[in-house]
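Report on one structure; see the data block that follows.
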Amino acid sequence: MTQRLSGGCHCGAVRFEVIVPDRFTVDECNCSICEAVGFLHLLVAREDFTLLTGEEHLTDYRFGSGTARHRFCSRCGVKAFYIPRSHPNGVSVNARCLDAVPLEDLVIEPFDGRNWERNVAALRERKPAGT
């Protein structure tokens with residue numbers, strides 16, 4: 001069974017929908033950027049993500065290898081989703097930016113992103129939610 005969830009940035013300029021299983025797990029990464037912004041990764045296949053509004057408000061930020069495409073709302077600064085280095089054909093949605101999904105209902109697994117190179121193989125083996 002799947003469900004369609006909506007979400008977006010703080011100001012509402014960027015809105016999206018994702019299709020995910022009824023039960024899903026999110027990752028809490030401890031790398032420098034994820035820890036700083038409290039990002040909880042819900043990895044979805046590209047075809048299960050739809051940007052509804054706000055493309056014109058998105059700004060990209062790239063660092064390190066430059067592969068990950070961090071997309072921020074230029075109005076409020078919130079990163080509601082991005083294209084991850086580990087799954088360049090997927091989208092990582094910040095579960096904190098989903099509408100009406102209580103954090104206490106989520107299964108949150110830690111991911112050691114500080115040692116990304118050592119741990120990414122296991123992350124890449126996991127399929128996006130819903131696939």
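Naming scheme: A, B, ... for chains in displayed order of the structure tokens; residues 1 onward per chain; ligands 1 onward as shown.
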For Arg46 in chain A: contacts at 8 Å, only C-alpha atoms, fewer than 5 positions along chain excluded, given as a PyMOL selection string | chain A and resi 89-91
Report as a ChimeraX atom specification: the residues of chain A with a DSSP assignment of strand (DSSP E), based on the backbone of this structure.
-> /A:2-8,15-21,25-29,40-45,49-53,58-61,69-73,81-83,90-94,107-111
Mind checking which residues fall within 10 Å of range 11-23 of chain A, counting only C-alpha atoms, ignoring those fewer than 4 positions away in the same chain, and posting them as a PyMOL selection string?
-> chain A and resi 1-7+42-58+72-81+91+93+97-99+105-107+128-131
Which residue gives the smallest distance to Phe111 in chain A among A:Ala95, A:Ala68, A:His87, A:Asp27, with only C-alpha atoms counted?
->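 With only C-alpha atoms as the atom set, the closest residue is A:Asp27.
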Can you tell me, as a PyMOL selection string, what residues are no more than 12 Å from Cys29 in chain A when counting only C-alpha atoms, ignoring any on the same chain fewer than 3 positions away?
-> chain A and resi 26+32-42+92+94+108-116+119-120+123
Option closest in space to Ile83 in chain A, from A:Cys31, A:Phe24, A:Asp60, A:Glu104 [counting only C-alpha atoms] =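 Looking at the shortest contact to Ile83 in chain A, the residue is A:Asp60.
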Provide the CA of Arg71 in chain A to CA of Glu28 in chain A distance in Å, to one decimal place.
-> 18.2 Å
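Across the model, the gap from CA of Tyr82 in chain A to CA of Arg124 in chain A is 16.1 Å.
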Every residue of chain A that DSSP places in helix (DSSP H, G or I), as a PyMOL selection string = chain A and resi 32-37+46-48+55-57+95-97+103-105+113-125
Output N, CA, C and O atoms for every residue in the selection just made, as a compact mmCIF listing (two decimals), in the first residue's frame.
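Result written to selection.txt:
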```txt
# COMPACT_ATOMS: atom_id res chain seq x y z
N SER A 32 28.09 17.26 8.26
CA SER A 32 28.09 18.67 8.65
C SER A 32 26.82 19.41 8.23
O SER A 32 26.26 20.17 9.02
N ILE A 33 26.33 19.20 7.02
CA ILE A 33 25.16 19.97 6.58
C ILE A 33 23.86 19.40 7.14
O ILE A 33 23.00 20.14 7.59
N CYS A 34 23.72 18.08 7.16
CA CYS A 34 22.47 17.48 7.66
C CYS A 34 22.28 17.75 9.15
O CYS A 34 21.17 18.04 9.60
N GLU A 35 23.36 17.65 9.89
CA GLU A 35 23.26 17.90 11.32
C GLU A 35 22.92 19.37 11.60
O GLU A 35 22.12 19.68 12.47
N ALA A 36 23.49 20.26 10.81
CA ALA A 36 23.24 21.70 11.01
C ALA A 36 21.79 22.09 10.75
O ALA A 36 21.26 22.97 11.42
N VAL A 37 21.16 21.43 9.78
CA VAL A 37 19.79 21.82 9.42
C VAL A 37 18.73 20.84 9.90
O VAL A 37 17.54 21.06 9.68
N ARG A 46 12.83 9.19 -8.27
CA ARG A 46 12.53 10.46 -8.96
C ARG A 46 11.09 10.49 -9.47
O ARG A 46 10.41 11.51 -9.38
N GLU A 47 10.61 9.36 -9.97
CA GLU A 47 9.25 9.32 -10.52
C GLU A 47 8.17 9.40 -9.43
O GLU A 47 7.01 9.63 -9.72
N ASP A 48 8.56 9.22 -8.17
CA ASP A 48 7.61 9.32 -7.06
C ASP A 48 7.63 10.70 -6.40
O ASP A 48 7.01 10.90 -5.36
N GLU A 55 9.60 26.18 -8.50
CA GLU A 55 10.89 25.98 -9.19
C GLU A 55 11.65 27.29 -9.30
O GLU A 55 12.87 27.33 -9.10
N GLU A 56 10.95 28.38 -9.55
CA GLU A 56 11.61 29.68 -9.72
C GLU A 56 12.18 30.23 -8.41
O GLU A 56 12.99 31.14 -8.43
N HIS A 57 11.79 29.65 -7.29
CA HIS A 57 12.29 30.10 -5.99
C HIS A 57 13.44 29.24 -5.47
O HIS A 57 14.01 29.55 -4.43
N ALA A 95 11.86 14.81 5.86
CA ALA A 95 10.60 14.37 6.49
C ALA A 95 10.02 15.45 7.38
O ALA A 95 8.81 15.49 7.60
N ARG A 96 10.86 16.35 7.89
CA ARG A 96 10.37 17.45 8.72
C ARG A 96 9.56 18.46 7.91
O ARG A 96 8.85 19.28 8.48
N CYS A 97 9.65 18.39 6.59
CA CYS A 97 8.92 19.32 5.72
C CYS A 97 7.65 18.72 5.14
O CYS A 97 6.98 19.35 4.32
N LEU A 103 6.62 13.51 13.83
CA LEU A 103 7.93 12.90 13.95
C LEU A 103 7.89 11.65 14.83
O LEU A 103 8.60 10.69 14.59
N GLU A 104 7.05 11.66 15.84
CA GLU A 104 6.98 10.50 16.72
C GLU A 104 6.43 9.25 16.03
O GLU A 104 6.61 8.14 16.52
N ASP A 105 5.81 9.41 14.87
CA ASP A 105 5.32 8.27 14.10
C ASP A 105 6.37 7.69 13.16
O ASP A 105 6.15 6.65 12.56
N GLY A 113 27.20 9.89 8.40
CA GLY A 113 27.62 10.66 7.25
C GLY A 113 28.95 11.37 7.43
O GLY A 113 29.57 11.81 6.47
N ARG A 114 29.42 11.47 8.67
CA ARG A 114 30.75 12.03 8.90
C ARG A 114 31.80 11.13 8.27
O ARG A 114 32.88 11.60 7.91
N ASN A 115 31.48 9.86 8.17
CA ASN A 115 32.37 8.87 7.53
C ASN A 115 31.66 8.32 6.30
O ASN A 115 31.53 7.11 6.12
N TRP A 116 31.20 9.22 5.45
CA TRP A 116 30.36 8.91 4.31
C TRP A 116 30.98 7.85 3.41
O TRP A 116 30.33 6.88 3.04
N GLU A 117 32.23 8.03 3.03
CA GLU A 117 32.89 7.11 2.10
C GLU A 117 32.88 5.68 2.64
O GLU A 117 32.69 4.73 1.88
N ARG A 118 33.07 5.51 3.92
CA ARG A 118 33.10 4.19 4.55
C ARG A 118 31.70 3.57 4.62
O ARG A 118 31.56 2.35 4.61
N ASN A 119 30.64 4.38 4.69
CA ASN A 119 29.29 3.89 4.94
C ASN A 119 28.34 3.97 3.75
O ASN A 119 27.23 3.44 3.82
N VAL A 120 28.73 4.61 2.68
CA VAL A 120 27.80 4.85 1.58
C VAL A 120 27.39 3.57 0.85
O VAL A 120 26.28 3.50 0.33
N ALA A 121 28.23 2.56 0.83
CA ALA A 121 27.87 1.32 0.13
C ALA A 121 26.58 0.73 0.68
O ALA A 121 25.69 0.34 -0.08
N ALA A 122 26.45 0.69 1.99
CA ALA A 122 25.23 0.16 2.61
C ALA A 122 24.03 1.05 2.27
O ALA A 122 22.93 0.56 2.03
N LEU A 123 24.25 2.36 2.23
CA LEU A 123 23.17 3.28 1.89
C LEU A 123 22.72 3.09 0.45
O LEU A 123 21.53 3.10 0.15
N ARG A 124 23.66 2.89 -0.45
CA ARG A 124 23.33 2.70 -1.87
C ARG A 124 22.58 1.40 -2.13
O ARG A 124 21.83 1.30 -3.08
N GLU A 125 22.78 0.40 -1.27
CA GLU A 125 22.07 -0.86 -1.43
C GLU A 125 20.59 -0.73 -1.12
O GLU A 125 19.80 -1.51 -1.61
```
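Distances from A:Thr25, A:Val101, A:Arg69, A:Tyr61 to Ser86 in chain A were compared using only C-alpha atoms, and the smallest one belongs to A:Arg69.
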